[in-house]
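Asker: Take a look at the following structure, please.
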Amino acid sequence: MRAVVITRPGGPEVLELREVPTPTPGPGEVLVRVHAAALNRADVLQRRGRYPAPPGVPPEVPGLEFAGEVAELGPGVTAWRPADRVFGIVGGGAYAQFLVTHERMLAAVPRALEWTAAAAVPEAYITAYDALIEQAGARLSERVLVNAVGSGVGLAVVQLARAMGLVPYGSARSARKIDVALELGLEDGIVVGEDLAPMVERAREWSGGMGLDIVLDLLGGHYLPASLELLAPRGRLVLIGTLAGRDAEISLGRVLGARLTIRGTVLRARPLEEKIAATRTFVHEVVPQLERGALRPVVDSVYRLADAAEAHRRLESNATIGKVVLSVPD
């Protein structure tokens with residue numbers, strides 16, 4: 001099969017399309033013919049040599065989310081049949097014509113979604129739902145701020161928050177990203193630069209001086225102390241990414257005095273059992289809303305598998321709104 005391979009740590013130019021062995025499904029596993037795969041920041045970090053693949057995952061083939069058809073069943077698989085339309089998340093290996101995954105890590109693709117849109121769903125919506133409900137414990141009518149609201153996860157959070165009766169706000173680096181989020185249900189947003197004081201002040205206005213209940217932070221770095229500053233007493237911050245930096249200086253007095261909760265979360269490093277649980281929750285709570293058209297994945301751009309390097313350049317431009325997707329040919 002053909003797959004995009006990381007030939008060495010480095011920039012997008014180290015990605016090459018090569019012939020590699022097609023994987024074979026073992027007991028409880030499914031071979032999936034991939035039709036589309038979406039890009040994530042973890043792919044960029046892996047390409048740079050800063051985020052190695054977990055054990056049992058192809059170390060040189062990136063890709064965490066995909067959409068495709070069941071091609072072959074491993075021994076003991078009963079949940080799926082050949083040609084079923086499926087999507088899901090994996091620890092890596094999705095930039096390829098075929099991949100192998102556990103049968104319970106798959107979900108049925110809603111009939112209305114074509115391949116590139118379906119590929120833009122799993123990581124974004126599983127992460128968003130898990131962060132809002134499982135990590136932050138969001139409750140009806142609470143106010144939620146999403147930093148990097150124009151990202152795939154950010155736009156998923158906006159839609160899920162509205163569907164759950166929450167009030168979503170967002171920050172982004174461009175007015176266009178805020179505009180797209182507003183179309184999807186964002187209550188209000190702010191364009192930010194290096195100075196985050198205006199974001200803190202706007203959050204006070206949004207909350208009538210009380211502070212926001214939840215911050216979902218995909219950026220880290222200097223966003224973290226600013227996000228803690230704008231939280232209400234007993235507020236919760238869930239750190240999902242560190243695009244703005246892996247280190248931050250925070251006021252412990254602020255955390256103690258306001259009784260704040262800080263929680264970090266990643267999907268890729270979790271044990272298989274936890275990933276299966278997150279996928280089953282996705283199947284029951286999110287996929288039906290996709291079926292009804294209540295949630296809409298946002299695709300920024302689509303590239304051929306052979307153009308994965310260009311797709312990475314697009315993602316690293318930080319100009320994206322929604323997901324960058326690779327189309328995988330037969």
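Numbering starts fresh at 1 for the residues of each chain in the structure tokens, the chains themselves are lettered A, B, ... in the order given, and ligands are numbered from 1 as they appear.
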Would you return as a ChimeraX atom specification the members of range 132-178 of chain A that DSSP assigns to helix (DSSP H, G or I) on this structure's backbone?

Answerer: /A:132-135,152-163,175-178

Asker: Identify, on the basis of only C-alpha atoms, every residue whose closest approach to Thr22 in chain A does not exceed 8 Å; exclude the query and any residue fewer than 4 positions from it along the same chain; express the result as an mmCIF file with N, CA, C and O atoms, in the first residue's frame.

Answerer:
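Writing the result to selection-v4.cif gives the following:
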```cif
data_model
loop_
_atom_site.group_PDB
_atom_site.id
_atom_site.type_symbol
_atom_site.label_atom_id
_atom_site.label_comp_id
_atom_site.auth_asym_id
_atom_site.auth_seq_id
_atom_site.Cartn_x
_atom_site.Cartn_y
_atom_site.Cartn_z
ATOM 1 N N MET A 1 0.844 -1.186 0.000
ATOM 2 C CA MET A 1 0.000 0.000 0.000
ATOM 3 C C MET A 1 0.884 1.242 0.000
ATOM 4 O O MET A 1 2.069 1.182 0.331
ATOM 5 N N PHE A 98 -4.419 1.924 3.951
ATOM 6 C CA PHE A 98 -5.041 0.985 4.879
ATOM 7 C C PHE A 98 -4.485 1.202 6.282
ATOM 8 O O PHE A 98 -3.342 1.622 6.462
ATOM 9 N N LEU A 99 -5.311 0.884 7.278
ATOM 10 C CA LEU A 99 -4.852 0.868 8.664
ATOM 11 C C LEU A 99 -5.608 -0.220 9.405
ATOM 12 O O LEU A 99 -6.657 -0.693 8.964
#
```

Asker: What is the distance, in Å and to one decimal place, between CA of Glu72 in chain A and CA of Gly56 in chain A?

Answerer: 19.3 Å

Asker: For Arg263 in chain A, work out the shell of residues within 9 Å, counting only C-alpha atoms and skipping chain neighbours fewer than 4 positions away, then give it as a PDB file with all heavy atoms, in the first residue's frame.

Answerer:
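Writing the result to part_33.pdb gives the following:
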```pdb
ATOM      1  N   GLN A 135     -14.185  16.070  31.434  1.00  0.00           N
ATOM      2  CA  GLN A 135     -13.112  16.767  32.150  1.00  0.00           C
ATOM      3  C   GLN A 135     -13.621  17.994  32.907  1.00  0.00           C
ATOM      4  O   GLN A 135     -13.296  18.190  34.075  1.00  0.00           O
ATOM      5  CB  GLN A 135     -12.004  17.183  31.173  1.00  0.00           C
ATOM      6  CG  GLN A 135     -11.478  16.058  30.285  1.00  0.00           C
ATOM      7  CD  GLN A 135     -10.982  14.854  31.069  1.00  0.00           C
ATOM      8  OE1 GLN A 135     -10.374  14.996  32.124  1.00  0.00           O
ATOM      9  NE2 GLN A 135     -11.224  13.664  30.547  1.00  0.00           N
ATOM     10  N   ALA A 136     -14.396  18.846  32.231  1.00  0.00           N
ATOM     11  CA  ALA A 136     -14.858  20.090  32.858  1.00  0.00           C
ATOM     12  C   ALA A 136     -16.164  19.923  33.626  1.00  0.00           C
ATOM     13  O   ALA A 136     -16.504  20.775  34.452  1.00  0.00           O
ATOM     14  CB  ALA A 136     -15.015  21.183  31.808  1.00  0.00           C
ATOM     15  N   ARG A 236     -13.243  26.103  36.081  1.00  0.00           N
ATOM     16  CA  ARG A 236     -12.430  24.965  35.647  1.00  0.00           C
ATOM     17  C   ARG A 236     -11.713  25.312  34.347  1.00  0.00           C
ATOM     18  O   ARG A 236     -12.329  25.844  33.413  1.00  0.00           O
ATOM     19  CB  ARG A 236     -13.296  23.732  35.414  1.00  0.00           C
ATOM     20  CG  ARG A 236     -13.910  23.166  36.673  1.00  0.00           C
ATOM     21  CD  ARG A 236     -15.281  23.748  36.950  1.00  0.00           C
ATOM     22  NE  ARG A 236     -16.315  23.160  36.118  1.00  0.00           N
ATOM     23  CZ  ARG A 236     -17.507  23.702  35.930  1.00  0.00           C
ATOM     24  NH1 ARG A 236     -17.818  24.859  36.486  1.00  0.00           N
ATOM     25  NH2 ARG A 236     -18.397  23.094  35.176  1.00  0.00           N
ATOM     26  N   LEU A 237     -10.432  25.016  34.307  1.00  0.00           N
ATOM     27  CA  LEU A 237      -9.649  25.186  33.084  1.00  0.00           C
ATOM     28  C   LEU A 237      -9.177  23.821  32.622  1.00  0.00           C
ATOM     29  O   LEU A 237      -8.559  23.073  33.393  1.00  0.00           O
ATOM     30  CB  LEU A 237      -8.453  26.107  33.305  1.00  0.00           C
ATOM     31  CG  LEU A 237      -7.617  26.403  32.048  1.00  0.00           C
ATOM     32  CD1 LEU A 237      -7.070  27.824  32.075  1.00  0.00           C
ATOM     33  CD2 LEU A 237      -6.460  25.422  31.861  1.00  0.00           C
ATOM     34  N   VAL A 238      -9.458  23.479  31.363  1.00  0.00           N
ATOM     35  CA  VAL A 238      -8.997  22.224  30.777  1.00  0.00           C
ATOM     36  C   VAL A 238      -7.977  22.565  29.696  1.00  0.00           C
ATOM     37  O   VAL A 238      -8.296  23.251  28.718  1.00  0.00           O
ATOM     38  CB  VAL A 238     -10.165  21.410  30.182  1.00  0.00           C
ATOM     39  CG1 VAL A 238      -9.636  20.112  29.566  1.00  0.00           C
ATOM     40  CG2 VAL A 238     -11.202  21.109  31.255  1.00  0.00           C
ATOM     41  N   LEU A 239      -6.744  22.112  29.896  1.00  0.00           N
ATOM     42  CA  LEU A 239      -5.659  22.368  28.952  1.00  0.00           C
ATOM     43  C   LEU A 239      -5.613  21.226  27.943  1.00  0.00           C
ATOM     44  O   LEU A 239      -5.387  20.066  28.308  1.00  0.00           O
ATOM     45  CB  LEU A 239      -4.326  22.482  29.690  1.00  0.00           C
ATOM     46  CG  LEU A 239      -3.096  22.777  28.830  1.00  0.00           C
ATOM     47  CD1 LEU A 239      -3.229  24.124  28.135  1.00  0.00           C
ATOM     48  CD2 LEU A 239      -1.829  22.722  29.681  1.00  0.00           C
ATOM     49  N   ILE A 240      -5.827  21.563  26.662  1.00  0.00           N
ATOM     50  CA  ILE A 240      -5.914  20.567  25.603  1.00  0.00           C
ATOM     51  C   ILE A 240      -4.680  20.581  24.708  1.00  0.00           C
ATOM     52  O   ILE A 240      -4.315  19.568  24.110  1.00  0.00           O
ATOM     53  CB  ILE A 240      -7.183  20.801  24.755  1.00  0.00           C
ATOM     54  CG1 ILE A 240      -8.426  20.754  25.647  1.00  0.00           C
ATOM     55  CG2 ILE A 240      -7.311  19.779  23.633  1.00  0.00           C
ATOM     56  CD1 ILE A 240      -9.701  21.179  24.954  1.00  0.00           C
TER      57      ILE A 240
END
```

Asker: What lies within 9 Å of range 121-126 of chain A using only C-alpha atoms, ignoring chain neighbours under 3 positions off, as a PyMOL selection string?

Answerer: chain A and resi 38+40+64-67+87-89+107+117-118+129-131+151-157+160+267+278-279+281-282+286+296-298+323

Asker: From the DSSP assignment of the backbone, select every residue of range 160-307 of chain A that is strand (DSSP E), and format the answer as a VMD selection string.

Answerer: chain A and resid 167 to 172 188 to 191 212 to 217 231 to 239 261 to 264 299 to 304

Asker: Between A:Leu106, A:Ala36, A:Val30, A:Ile190, single out the one closest to Val325 in chain A, counting only C-alpha atoms.

Answerer: A:Ala36

Asker: Using only C-alpha atoms, find the one residue out of A:Leu45, A:Leu305, A:Asp188, A:Asp247 that sits nearest to Glu205 in chain A.

Answerer: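 Between A:Leu45, A:Leu305, A:Asp188, A:Asp247, the residue approaching Glu205 in chain A most closely is A:Asp188.
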
Asker: Using only C-alpha atoms for the distances, tell me which of A:Met164, A:Val287, A:Val90, A:Leu224 is nearest to Ala42 in chain A.

Answerer: A:Val90

Asker: Give me the residues within 10 Å of Arg111 in chain A as a list in words, counting only C-alpha atoms and dropping any in the same chain fewer than 6 places off.

Answerer: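 After dropping sequence-adjacent residues, the list is Arg85, Ala118, Leu290 and Glu291 of chain A.
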
Asker: Those same residues, written as an mmCIF file, in the first residue's frame with C-alpha atoms?

Answerer:
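part09.cif, freshly written:
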```cif
data_model
loop_
_atom_site.group_PDB
_atom_site.id
_atom_site.type_symbol
_atom_site.label_atom_id
_atom_site.label_comp_id
_atom_site.auth_asym_id
_atom_site.auth_seq_id
_atom_site.Cartn_x
_atom_site.Cartn_y
_atom_site.Cartn_z
ATOM 1 C CA ARG A 85 -18.554 3.037 6.273
ATOM 2 C CA ALA A 118 -16.286 12.514 7.919
ATOM 3 C CA LEU A 290 -24.314 14.489 13.162
ATOM 4 C CA GLU A 291 -27.012 12.250 11.657
#
```

Asker: Which residues come within 12 Å of Thr78 in chain A, counting only C-alpha atoms, excluding same-chain residues fewer than 2 positions away, as a PyMOL selection string?

Answerer: chain A and resi 27-30+72-76+80-82+102-104

Asker: How would the residues just chosen look if you wrote them out with C-alpha atoms as a tab-separated table (two decimals), in the first residue's frame?

Answerer:
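Dumped to selection_26.tsv:
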```
chain	number	residue	atom	x	y	z
A	27	PRO	CA	-8.07	-10.86	16.81
A	28	GLY	CA	-10.69	-8.20	17.47
A	29	GLU	CA	-9.20	-5.90	14.84
A	30	VAL	CA	-10.45	-4.48	11.54
A	72	GLU	CA	-11.17	-7.16	6.18
A	73	LEU	CA	-12.19	-8.57	9.56
A	74	GLY	CA	-9.78	-10.10	12.04
A	75	PRO	CA	-10.69	-13.25	14.00
A	76	GLY	CA	-13.62	-12.79	16.35
A	80	TRP	CA	-18.75	-4.87	11.39
A	81	ARG	CA	-19.05	-6.23	7.87
A	82	PRO	CA	-16.94	-5.59	4.75
A	102	HIS	CA	-9.70	-2.35	17.29
A	103	GLU	CA	-13.31	-2.99	16.26
A	104	ARG	CA	-14.65	-0.95	19.19
```

Asker: Got a sec: who's within 12 Å of Ile6 in chain A, counting only C-alpha atoms, leaving out chain neighbours fewer than 6 positions off, as a list in words?

Answerer: Pro12, Glu13, Val14, Leu15, Glu16, Leu17, Arg18, Asp43, Val44, Leu45, Gln46, Arg47, Arg48, Gly49, Pro52, Ala53, Pro58, Pro59, Glu60, Val61, Pro62, Gly63, Gly92, Gly93, Tyr95, Ala308 and Ala309 of chain A

Asker: Keeping only N, CA and C atoms, take the residues you just selected and write them out as a PDB file, in the first residue's frame.

Answerer:
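Printed below is selection-v3.pdb as written:
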```pdb
ATOM      1  N   PRO A  12       8.178  20.003   6.757  1.00  0.00           N
ATOM      2  CA  PRO A  12       7.256  19.252   5.908  1.00  0.00           C
ATOM      3  C   PRO A  12       7.935  18.471   4.792  1.00  0.00           C
ATOM      4  N   GLU A  13       9.123  18.929   4.373  1.00  0.00           N
ATOM      5  CA  GLU A  13       9.819  18.253   3.270  1.00  0.00           C
ATOM      6  C   GLU A  13      10.249  16.827   3.611  1.00  0.00           C
ATOM      7  N   VAL A  14      10.244  16.444   4.899  1.00  0.00           N
ATOM      8  CA  VAL A  14      10.669  15.081   5.260  1.00  0.00           C
ATOM      9  C   VAL A  14       9.551  14.066   5.041  1.00  0.00           C
ATOM     10  N   LEU A  15       8.350  14.513   4.689  1.00  0.00           N
ATOM     11  CA  LEU A  15       7.236  13.611   4.420  1.00  0.00           C
ATOM     12  C   LEU A  15       7.331  13.100   2.985  1.00  0.00           C
ATOM     13  N   GLU A  16       7.320  11.779   2.807  1.00  0.00           N
ATOM     14  CA  GLU A  16       7.420  11.172   1.473  1.00  0.00           C
ATOM     15  C   GLU A  16       6.370  10.086   1.318  1.00  0.00           C
ATOM     16  N   LEU A  17       5.818   9.994   0.114  1.00  0.00           N
ATOM     17  CA  LEU A  17       4.859   8.935  -0.204  1.00  0.00           C
ATOM     18  C   LEU A  17       5.643   7.702  -0.648  1.00  0.00           C
ATOM     19  N   ARG A  18       5.454   6.589   0.057  1.00  0.00           N
ATOM     20  CA  ARG A  18       6.223   5.379  -0.226  1.00  0.00           C
ATOM     21  C   ARG A  18       5.323   4.147  -0.220  1.00  0.00           C
ATOM     22  N   ASP A  43       0.479  15.440  14.677  1.00  0.00           N
ATOM     23  CA  ASP A  43       1.213  14.967  13.492  1.00  0.00           C
ATOM     24  C   ASP A  43       2.441  15.829  13.237  1.00  0.00           C
ATOM     25  N   VAL A  44       2.285  17.135  13.420  1.00  0.00           N
ATOM     26  CA  VAL A  44       3.401  18.058  13.223  1.00  0.00           C
ATOM     27  C   VAL A  44       4.489  17.791  14.247  1.00  0.00           C
ATOM     28  N   LEU A  45       4.091  17.613  15.500  1.00  0.00           N
ATOM     29  CA  LEU A  45       5.072  17.332  16.550  1.00  0.00           C
ATOM     30  C   LEU A  45       5.785  16.009  16.296  1.00  0.00           C
ATOM     31  N   GLN A  46       5.035  15.006  15.837  1.00  0.00           N
ATOM     32  CA  GLN A  46       5.653  13.716  15.519  1.00  0.00           C
ATOM     33  C   GLN A  46       6.651  13.867  14.379  1.00  0.00           C
ATOM     34  N   ARG A  47       6.283  14.635  13.371  1.00  0.00           N
ATOM     35  CA  ARG A  47       7.191  14.874  12.237  1.00  0.00           C
ATOM     36  C   ARG A  47       8.474  15.556  12.678  1.00  0.00           C
ATOM     37  N   ARG A  48       8.377  16.439  13.661  1.00  0.00           N
ATOM     38  CA  ARG A  48       9.554  17.152  14.163  1.00  0.00           C
ATOM     39  C   ARG A  48      10.393  16.321  15.128  1.00  0.00           C
ATOM     40  N   GLY A  49       9.910  15.111  15.467  1.00  0.00           N
ATOM     41  CA  GLY A  49      10.640  14.260  16.390  1.00  0.00           C
ATOM     42  C   GLY A  49      10.359  14.540  17.847  1.00  0.00           C
ATOM     43  N   PRO A  52       6.749  10.993  19.840  1.00  0.00           N
ATOM     44  CA  PRO A  52       6.816   9.652  19.266  1.00  0.00           C
ATOM     45  C   PRO A  52       5.484   8.921  19.354  1.00  0.00           C
ATOM     46  N   ALA A  53       5.246   8.048  18.394  1.00  0.00           N
ATOM     47  CA  ALA A  53       4.022   7.261  18.391  1.00  0.00           C
ATOM     48  C   ALA A  53       4.008   6.304  19.576  1.00  0.00           C
ATOM     49  N   PRO A  58       2.464   2.308  13.998  1.00  0.00           N
ATOM     50  CA  PRO A  58       3.551   2.562  13.049  1.00  0.00           C
ATOM     51  C   PRO A  58       4.297   3.847  13.406  1.00  0.00           C
ATOM     52  N   PRO A  59       5.593   3.769  13.730  1.00  0.00           N
ATOM     53  CA  PRO A  59       6.302   4.956  14.224  1.00  0.00           C
ATOM     54  C   PRO A  59       6.589   6.007  13.159  1.00  0.00           C
ATOM     55  N   GLU A  60       6.553   5.591  11.872  1.00  0.00           N
ATOM     56  CA  GLU A  60       6.953   6.513  10.812  1.00  0.00           C
ATOM     57  C   GLU A  60       5.771   7.032   9.987  1.00  0.00           C
ATOM     58  N   VAL A  61       4.564   6.535  10.210  1.00  0.00           N
ATOM     59  CA  VAL A  61       3.381   6.959   9.452  1.00  0.00           C
ATOM     60  C   VAL A  61       2.460   7.735  10.385  1.00  0.00           C
ATOM     61  N   PRO A  62       2.324   9.057  10.196  1.00  0.00           N
ATOM     62  CA  PRO A  62       1.454   9.846  11.086  1.00  0.00           C
ATOM     63  C   PRO A  62      -0.014   9.686  10.725  1.00  0.00           C
ATOM     64  N   GLY A  63      -0.857  10.365  11.503  1.00  0.00           N
ATOM     65  CA  GLY A  63      -2.290  10.374  11.215  1.00  0.00           C
ATOM     66  C   GLY A  63      -3.108   9.783  12.338  1.00  0.00           C
ATOM     67  N   GLY A  92      -1.882   6.485  15.391  1.00  0.00           N
ATOM     68  CA  GLY A  92      -1.054   6.870  14.250  1.00  0.00           C
ATOM     69  C   GLY A  92      -1.325   5.932  13.092  1.00  0.00           C
ATOM     70  N   GLY A  93      -0.757   6.267  11.921  1.00  0.00           N
ATOM     71  CA  GLY A  93      -0.878   5.395  10.763  1.00  0.00           C
ATOM     72  C   GLY A  93      -1.999   5.706   9.803  1.00  0.00           C
ATOM     73  N   TYR A  95      -2.253   8.242   7.601  1.00  0.00           N
ATOM     74  CA  TYR A  95      -1.840   8.778   6.304  1.00  0.00           C
ATOM     75  C   TYR A  95      -1.467   7.615   5.392  1.00  0.00           C
ATOM     76  N   ALA A 308       0.983  15.682   1.132  1.00  0.00           N
ATOM     77  CA  ALA A 308       0.922  15.820   2.582  1.00  0.00           C
ATOM     78  C   ALA A 308       1.837  16.928   3.088  1.00  0.00           C
ATOM     79  N   ALA A 309       2.981  17.133   2.433  1.00  0.00           N
ATOM     80  CA  ALA A 309       3.896  18.203   2.860  1.00  0.00           C
ATOM     81  C   ALA A 309       3.221  19.565   2.732  1.00  0.00           C
TER      82      ALA A 309
END
```
